[in-house]
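The structure file entry-v8.pdb is reproduced below (PDB, C-alpha atoms, pLDDT in the B column).
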```
ATOM      1  CA  MET J   1      12.278  19.171  -7.049  1.00 49.00           C
ATOM      2  CA  ALA J   2      15.964  18.955  -7.529  1.00 41.00           C
ATOM      3  CA  SER J   3      18.196  16.481  -5.775  1.00 43.00           C
ATOM      4  CA  THR J   4      18.560  17.245  -2.093  1.00 45.00           C
ATOM      5  CA  GLN J   5      22.186  16.846  -0.975  1.00 42.00           C
ATOM      6  CA  SER J   6      21.932  17.325   2.753  1.00 43.00           C
ATOM      7  CA  GLY J   7      18.852  19.549   2.935  1.00 48.00           C
ATOM      8  CA  GLY J   8      18.992  19.347   6.701  1.00 54.00           C
ATOM      9  CA  TYR J   9      19.356  15.557   6.584  1.00 59.00           C
ATOM     10  CA  GLY J  10      23.128  15.279   7.008  1.00 59.00           C
ATOM     11  CA  ALA J  11      25.870  14.575   4.515  1.00 70.00           C
ATOM     12  CA  PRO J  12      25.411  10.798   4.040  1.00 94.00           C
ATOM     13  CA  LEU J  13      21.700  11.179   3.135  1.00 96.00           C
ATOM     14  CA  THR J  14      20.433  12.244  -0.271  1.00 96.00           C
ATOM     15  CA  VAL J  15      16.806  12.323  -1.413  1.00 97.00           C
ATOM     16  CA  ARG J  16      16.163  12.724  -5.131  1.00 97.00           C
ATOM     17  CA  SER J  17      13.636  11.950  -7.840  1.00 98.00           C
ATOM     18  CA  ALA J  18      13.975   8.564  -9.496  1.00 98.00           C
ATOM     19  CA  TRP J  19      15.628   8.746 -12.896  1.00 97.00           C
ATOM     20  CA  PRO J  20      14.609   7.109 -16.176  1.00 97.00           C
ATOM     21  CA  GLY J  21      16.314   3.741 -16.323  1.00 97.00           C
ATOM     22  CA  GLU J  22      15.710   3.035 -12.609  1.00 98.00           C
ATOM     23  CA  ALA J  23      12.488   1.041 -12.970  1.00 98.00           C
ATOM     24  CA  GLY J  24      14.389  -2.111 -11.966  1.00 98.00           C
ATOM     25  CA  LEU J  25      15.571  -0.447  -8.752  1.00 98.00           C
ATOM     26  CA  VAL J  26      12.051   0.777  -7.987  1.00 98.00           C
ATOM     27  CA  LEU J  27      10.628  -2.703  -8.600  1.00 98.00           C
ATOM     28  CA  SER J  28      13.254  -4.176  -6.265  1.00 98.00           C
ATOM     29  CA  PHE J  29      12.061  -1.784  -3.529  1.00 98.00           C
ATOM     30  CA  VAL J  30       8.452  -2.804  -4.241  1.00 98.00           C
ATOM     31  CA  ARG J  31       9.386  -6.481  -3.866  1.00 98.00           C
ATOM     32  CA  GLU J  32      11.276  -5.831  -0.618  1.00 98.00           C
ATOM     33  CA  LEU J  33       8.287  -3.925   0.768  1.00 97.00           C
ATOM     34  CA  ALA J  34       5.964  -6.760  -0.257  1.00 97.00           C
ATOM     35  CA  ASP J  35       8.231  -9.274   1.504  1.00 97.00           C
ATOM     36  CA  TYR J  36       8.137  -7.144   4.666  1.00 95.00           C
ATOM     37  CA  GLU J  37       4.335  -6.919   4.472  1.00 94.00           C
ATOM     38  CA  LYS J  38       4.029 -10.674   3.800  1.00 94.00           C
ATOM     39  CA  LEU J  39       2.432  -9.861   0.438  1.00 95.00           C
ATOM     40  CA  ALA J  40       5.152 -10.970  -1.996  1.00 97.00           C
ATOM     41  CA  HIS J  41       2.652 -13.247  -3.747  1.00 97.00           C
ATOM     42  CA  LYS J  42       0.658 -10.141  -4.748  1.00 95.00           C
ATOM     43  CA  VAL J  43       3.473  -8.445  -6.719  1.00 97.00           C
ATOM     44  CA  ILE J  44       2.784  -8.946 -10.429  1.00 97.00           C
ATOM     45  CA  ALA J  45       4.152  -5.605 -11.644  1.00 98.00           C
ATOM     46  CA  THR J  46       6.879  -5.751 -14.263  1.00 98.00           C
ATOM     47  CA  GLU J  47       9.821  -3.456 -14.800  1.00 98.00           C
ATOM     48  CA  ALA J  48       8.198  -2.268 -18.044  1.00 98.00           C
ATOM     49  CA  GLN J  49       4.987  -1.337 -16.202  1.00 98.00           C
ATOM     50  CA  ILE J  50       6.912   0.593 -13.547  1.00 98.00           C
ATOM     51  CA  ASP J  51       8.937   2.337 -16.252  1.00 98.00           C
ATOM     52  CA  ARG J  52       5.789   3.372 -18.135  1.00 98.00           C
ATOM     53  CA  ALA J  53       3.992   4.562 -14.967  1.00 98.00           C
ATOM     54  CA  LEU J  54       6.921   6.676 -13.762  1.00 98.00           C
ATOM     55  CA  PHE J  55       8.671   7.764 -16.960  1.00 98.00           C
ATOM     56  CA  GLY J  56       6.176   7.357 -19.817  1.00 97.00           C
ATOM     57  CA  PRO J  57       4.725  10.258 -21.810  1.00 97.00           C
ATOM     58  CA  MET J  58       1.971  10.777 -19.191  1.00 96.00           C
ATOM     59  CA  PRO J  59       3.361   9.648 -15.814  1.00 97.00           C
ATOM     60  CA  HIS J  60       0.695   8.411 -13.410  1.00 95.00           C
ATOM     61  CA  ALA J  61       3.002   8.139 -10.418  1.00 98.00           C
ATOM     62  CA  PHE J  62       6.241   9.624  -9.150  1.00 98.00           C
ATOM     63  CA  CYS J  63       9.086   8.206  -7.124  1.00 98.00           C
ATOM     64  CA  ASP J  64      11.646   9.653  -4.735  1.00 98.00           C
ATOM     65  CA  ILE J  65      14.759   7.680  -3.826  1.00 98.00           C
ATOM     66  CA  ALA J  66      16.639   8.017  -0.535  1.00 98.00           C
ATOM     67  CA  GLU J  67      20.328   7.189  -0.730  1.00 98.00           C
ATOM     68  CA  TRP J  68      22.696   6.610   2.167  1.00 97.00           C
ATOM     69  CA  GLU J  69      26.323   7.254   1.318  1.00 96.00           C
ATOM     70  CA  GLY J  70      25.415   6.959  -2.366  1.00 96.00           C
ATOM     71  CA  ARG J  71      23.612   3.611  -2.015  1.00 97.00           C
ATOM     72  CA  PRO J  72      19.858   3.258  -2.703  1.00 98.00           C
ATOM     73  CA  ALA J  73      18.304   2.813   0.728  1.00 98.00           C
ATOM     74  CA  GLY J  74      14.600   3.665   0.476  1.00 98.00           C
ATOM     75  CA  PHE J  75      11.838   4.988  -1.730  1.00 98.00           C
ATOM     76  CA  ALA J  76       8.461   6.690  -1.811  1.00 98.00           C
ATOM     77  CA  ILE J  77       5.956   6.301  -4.651  1.00 98.00           C
ATOM     78  CA  TRP J  78       3.241   8.938  -4.775  1.00 98.00           C
ATOM     79  CA  PHE J  79       0.670  10.600  -7.022  1.00 98.00           C
ATOM     80  CA  TYR J  80      -1.583  13.642  -7.054  1.00 97.00           C
ATOM     81  CA  ARG J  81      -5.182  13.373  -5.890  1.00 96.00           C
ATOM     82  CA  PHE J  82      -8.098  15.783  -5.646  1.00 94.00           C
ATOM     83  CA  SER J  83     -10.374  16.457  -2.662  1.00 91.00           C
ATOM     84  CA  THR J  84     -13.893  17.377  -3.664  1.00 92.00           C
ATOM     85  CA  PHE J  85     -14.635  18.559  -0.113  1.00 88.00           C
ATOM     86  CA  SER J  86     -11.793  21.070  -0.003  1.00 87.00           C
ATOM     87  CA  GLY J  87     -11.610  21.759  -3.733  1.00 92.00           C
ATOM     88  CA  HIS J  88      -7.836  21.340  -3.551  1.00 91.00           C
ATOM     89  CA  ASP J  89      -5.243  18.853  -4.684  1.00 94.00           C
ATOM     90  CA  GLY J  90      -3.139  16.735  -2.369  1.00 95.00           C
ATOM     91  CA  LEU J  91      -0.643  13.905  -2.554  1.00 96.00           C
ATOM     92  CA  TYR J  92      -1.264  10.241  -1.936  1.00 97.00           C
ATOM     93  CA  LEU J  93       1.709   8.211  -0.773  1.00 97.00           C
ATOM     94  CA  GLU J  94       1.282   4.752  -2.273  1.00 97.00           C
ATOM     95  CA  ASP J  95       4.422   3.152  -0.837  1.00 97.00           C
ATOM     96  CA  LEU J  96       7.190   4.136   1.553  1.00 98.00           C
ATOM     97  CA  PHE J  97       9.985   1.710   2.349  1.00 97.00           C
ATOM     98  CA  VAL J  98      13.438   1.899   3.869  1.00 98.00           C
ATOM     99  CA  ARG J  99      15.716  -1.124   3.690  1.00 98.00           C
ATOM    100  CA  PRO J 100      16.207  -2.639   7.175  1.00 97.00           C
ATOM    101  CA  GLN J 101      19.946  -1.928   7.375  1.00 97.00           C
ATOM    102  CA  PHE J 102      19.249   1.803   6.838  1.00 97.00           C
ATOM    103  CA  ARG J 103      16.405   2.221   9.338  1.00 95.00           C
ATOM    104  CA  GLY J 104      16.854   4.599  12.246  1.00 94.00           C
ATOM    105  CA  LYS J 105      18.941   7.043  10.184  1.00 95.00           C
ATOM    106  CA  GLY J 106      16.111   9.457   9.297  1.00 95.00           C
ATOM    107  CA  LEU J 107      15.460   8.241   5.737  1.00 97.00           C
ATOM    108  CA  GLY J 108      11.726   7.660   6.212  1.00 97.00           C
ATOM    109  CA  LYS J 109      11.330  11.080   7.771  1.00 97.00           C
ATOM    110  CA  ALA J 110      13.399  12.660   4.973  1.00 97.00           C
ATOM    111  CA  LEU J 111      11.195  11.054   2.307  1.00 98.00           C
ATOM    112  CA  LEU J 112       8.028  12.247   4.061  1.00 97.00           C
ATOM    113  CA  ALA J 113       9.499  15.715   4.643  1.00 97.00           C
ATOM    114  CA  ARG J 114      10.245  16.014   0.931  1.00 97.00           C
ATOM    115  CA  LEU J 115       6.607  15.208   0.136  1.00 97.00           C
ATOM    116  CA  ALA J 116       5.384  17.623   2.811  1.00 97.00           C
ATOM    117  CA  ARG J 117       7.608  20.331   1.308  1.00 97.00           C
ATOM    118  CA  ARG J 118       6.137  19.631  -2.123  1.00 97.00           C
ATOM    119  CA  CYS J 119       2.638  19.996  -0.668  1.00 96.00           C
ATOM    120  CA  VAL J 120       3.477  23.322   0.966  1.00 96.00           C
ATOM    121  CA  GLU J 121       5.302  24.707  -2.087  1.00 97.00           C
ATOM    122  CA  GLU J 122       2.515  23.662  -4.489  1.00 96.00           C
ATOM    123  CA  GLY J 123      -0.369  24.747  -2.244  1.00 93.00           C
ATOM    124  CA  LEU J 124      -1.617  21.178  -1.760  1.00 94.00           C
ATOM    125  CA  VAL J 125      -3.828  20.718   1.286  1.00 92.00           C
ATOM    126  CA  ARG J 126      -2.893  17.237   2.455  1.00 93.00           C
ATOM    127  CA  LEU J 127      -0.602  14.257   2.315  1.00 96.00           C
ATOM    128  CA  GLU J 128      -2.392  10.958   2.774  1.00 95.00           C
ATOM    129  CA  TRP J 129      -1.477   7.263   2.896  1.00 95.00           C
ATOM    130  CA  ALA J 130      -2.609   3.912   4.264  1.00 93.00           C
ATOM    131  CA  VAL J 131      -0.763   1.571   6.600  1.00 93.00           C
ATOM    132  CA  LEU J 132      -1.493  -2.051   7.476  1.00 91.00           C
ATOM    133  CA  ASP J 133      -3.176  -2.235  10.885  1.00 91.00           C
ATOM    134  CA  TRP J 134      -0.610  -4.726  12.248  1.00 92.00           C
ATOM    135  CA  ASN J 135       2.366  -2.522  11.328  1.00 92.00           C
ATOM    136  CA  THR J 136       2.782  -0.852  14.711  1.00 94.00           C
ATOM    137  CA  PRO J 137       6.378   0.329  14.103  1.00 92.00           C
ATOM    138  CA  SER J 138       5.179   2.357  11.097  1.00 93.00           C
ATOM    139  CA  ILE J 139       2.022   3.541  12.848  1.00 93.00           C
ATOM    140  CA  ASP J 140       4.063   4.733  15.824  1.00 94.00           C
ATOM    141  CA  PHE J 141       6.538   6.450  13.486  1.00 93.00           C
ATOM    142  CA  TYR J 142       3.771   8.275  11.585  1.00 94.00           C
ATOM    143  CA  LYS J 143       2.089   9.375  14.816  1.00 94.00           C
ATOM    144  CA  SER J 144       5.433  10.695  16.111  1.00 94.00           C
ATOM    145  CA  LEU J 145       5.476  13.023  13.100  1.00 94.00           C
ATOM    146  CA  GLY J 146       1.982  14.343  13.860  1.00 94.00           C
ATOM    147  CA  ALA J 147      -0.005  12.175  11.434  1.00 95.00           C
ATOM    148  CA  GLU J 148      -3.526  11.220  12.482  1.00 94.00           C
ATOM    149  CA  ALA J 149      -5.198   7.866  11.879  1.00 93.00           C
ATOM    150  CA  MET J 150      -8.483   8.125   9.990  1.00 92.00           C
ATOM    151  CA  ASP J 151     -10.203   5.414  12.010  1.00 90.00           C
ATOM    152  CA  ASP J 152     -13.658   6.389  10.807  1.00 90.00           C
ATOM    153  CA  TRP J 153     -12.834   5.492   7.174  1.00 88.00           C
ATOM    154  CA  THR J 154     -12.660   2.016   5.646  1.00 87.00           C
ATOM    155  CA  THR J 155     -10.639   1.480   2.493  1.00 86.00           C
ATOM    156  CA  PHE J 156     -12.321  -0.536  -0.249  1.00 89.00           C
ATOM    157  CA  GLN J 157     -10.732  -2.139  -3.271  1.00 88.00           C
ATOM    158  CA  MET J 158     -12.115  -3.860  -6.331  1.00 92.00           C
ATOM    159  CA  SER J 159     -10.103  -5.898  -8.804  1.00 88.00           C
ATOM    160  CA  GLY J 160     -10.138  -9.005 -10.948  1.00 90.00           C
ATOM    161  CA  THR J 161     -13.473 -10.659 -11.640  1.00 95.00           C
ATOM    162  CA  ALA J 162     -15.492  -8.220  -9.512  1.00 94.00           C
ATOM    163  CA  LEU J 163     -14.025  -5.268 -11.425  1.00 92.00           C
ATOM    164  CA  GLU J 164     -14.711  -6.906 -14.784  1.00 94.00           C
ATOM    165  CA  GLN J 165     -18.256  -7.844 -13.784  1.00 94.00           C
ATOM    166  CA  LEU J 166     -19.051  -4.297 -12.702  1.00 91.00           C
ATOM    167  CA  ALA J 167     -17.525  -2.905 -15.895  1.00 94.00           C
ATOM    168  CA  ASP J 168     -19.682  -5.252 -17.959  1.00 93.00           C
ATOM    169  CA  SER J 169     -22.862  -4.552 -15.963  1.00 92.00           C
ATOM    170  CA  GLY J 170     -23.844  -1.645 -18.201  1.00 81.00           C
ATOM    171  CA  GLY J 171     -24.634   0.494 -15.150  1.00 68.00           C
TER     172      GLY J 171
END
```

Whole structure given in structure tokens:
Amino acid sequence: MASTQSGGYGAPLTVRSAWPGEAGLVLSFVRELADYEKLAHKVIATEAQIDRALFGPMPHAFCDIAEWEGRPAGFAIWFYRFSTFSGHDGLYLEDLFVRPQFRGKGLGKALLARLARRCVEEGLVRLEWAVLDWNTPSIDFYKSLGAEAMDDWTTFQMSGTALEQLADSGG
């Protein structure tokens, strides 16, 4: 998708794809999000890893940047996923963050709308993401857009020693 210069957002707001060479900017957004979520101690990603994931020969993730009056103000990192039940692809939003001084200006909605547009244009059946259960401002925002909580699902994660042990189990 090409850069969106107003696209219904208003002149000061631009939403565009991240460009090669912006891995440092993306990592700064990741760190700011982690600070907000009280998870800064969990960020071990490097600029080189972000660069490879977004701009390497086989990108595994994609990033959209929201700018306000030409200044980087927010981002969304996402990737494609497949639903075996529907037999269709969708998008998974890994991270969405708008810097505090730019909140309330429609940037979060613009980032989500861009992803929704991509889904519609590409025939993808859903846009999905997770939110921390204590983050009521975000939960309320998502619900105001028509998103539904999937309360009957529990997210699991495996990493570190448990991941290595399972990999070595020969199963």

Pick the closest to Leu25 (chain J) from J:Asp168, J:Asp51, J:Glu122, J:Glu128: which is it, counting all atoms listed in the file?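 Of the candidates, the smallest distance to Leu25 (chain J) is held by J:Asp51.
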
I'd like to see the residues matched by the PyMOL selection byres ((chain J and resi 112) around 10) on this file, and ideally I'd get them as a ChimeraX atom specification. /J:64,76,93,96,107-111,113-118,127,142,145

Any idea what the distance is between CA of Val43 (chain J) and CA of Val15 (chain J)?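 Distance reported for this atom pair: 25.2 Å.
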
So how far away is CA of Leu27 (chain J) from CA of Ser144 (chain J), in Å? 28.6 Å

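With the shown file loaded, the PyMOL selection byres ((chain J and resi 79) around 9) picks out His60, Ala61, Phe62, Cys63, Ile77, Trp78, Tyr80, Arg81, Gly90, Leu91, Tyr92, Leu93 and Glu94 of chain J.
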
Same residues, C-alpha atoms, output as a PDB file, in the coordinates of the input:
```pdb
ATOM      1  CA  HIS J  60       0.695   8.411 -13.410  1.00 95.00           C
ATOM      2  CA  ALA J  61       3.002   8.139 -10.418  1.00 98.00           C
ATOM      3  CA  PHE J  62       6.241   9.624  -9.150  1.00 98.00           C
ATOM      4  CA  CYS J  63       9.086   8.206  -7.124  1.00 98.00           C
ATOM      5  CA  ILE J  77       5.956   6.301  -4.651  1.00 98.00           C
ATOM      6  CA  TRP J  78       3.241   8.938  -4.775  1.00 98.00           C
ATOM      7  CA  TYR J  80      -1.583  13.642  -7.054  1.00 97.00           C
ATOM      8  CA  ARG J  81      -5.182  13.373  -5.890  1.00 96.00           C
ATOM      9  CA  GLY J  90      -3.139  16.735  -2.369  1.00 95.00           C
ATOM     10  CA  LEU J  91      -0.643  13.905  -2.554  1.00 96.00           C
ATOM     11  CA  TYR J  92      -1.264  10.241  -1.936  1.00 97.00           C
ATOM     12  CA  LEU J  93       1.709   8.211  -0.773  1.00 97.00           C
ATOM     13  CA  GLU J  94       1.282   4.752  -2.273  1.00 97.00           C
TER      14      GLU J  94
END
```

Compile the contact shell of Ala34 (chain J) as a ChimeraX atom specification: residues with an atom at most 12 Å away, counting all atoms listed in the file, same-chain residues fewer than 4 positions apart removed. /J:27-30,38-45,95-97,99,132

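Between CA of Lys105 (chain J) and CA of Pro72 (chain J) the interatomic distance comes to 13.5 Å.
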
Applied to the shown file, which residues does the PyMOL selection byres ((chain J and resi 20) around 12) return, written as a list in words? Ser17, Ala18, Trp19, Gly21, Glu22, Ala23, Gly24, Leu25, Val26, Glu47, Ala48, Ile50, Asp51, Arg52, Ala53, Leu54, Phe55, Gly56, Pro57, Pro59, Phe62 and Cys63 of chain J

Please return the centre and edge lengths, in Å to one decimal, of a box with edges along x, y and z that contains all listed atoms of region 94-105 of chain J, widened by 4 Å on every side, as JSON.
```
{"center_x": 10.6, "center_y": 2.2, "center_z": 5.0, "size_x": 26.7, "size_y": 17.7, "size_z": 22.5}
```

Quick one: of J:Glu121, J:Asp35, J:Glu164, J:Asp133, who's nearest to Asp151 (chain J), counting all atoms listed in the file?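 Of the candidates, the smallest distance to Asp151 (chain J) is held by J:Asp133.
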
Between J:Arg16, J:Arg71, J:Arg126, J:Arg31, which has the minimum distance to Ser86 (chain J) (counting only C-alpha atoms)?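 Selected residue with least distance to Ser86 (chain J): J:Arg126.
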
Residue list as a list in words for point (20.7, 1.9, 2.7), cut-off 8 Å, all atoms listed in the file: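 Collected hits near the coordinates: Glu67, Trp68, Glu69, Arg71, Pro72, Ala73, Gly74, Val98, Arg99, Pro100, Gln101, Phe102 and Arg103 of chain J.
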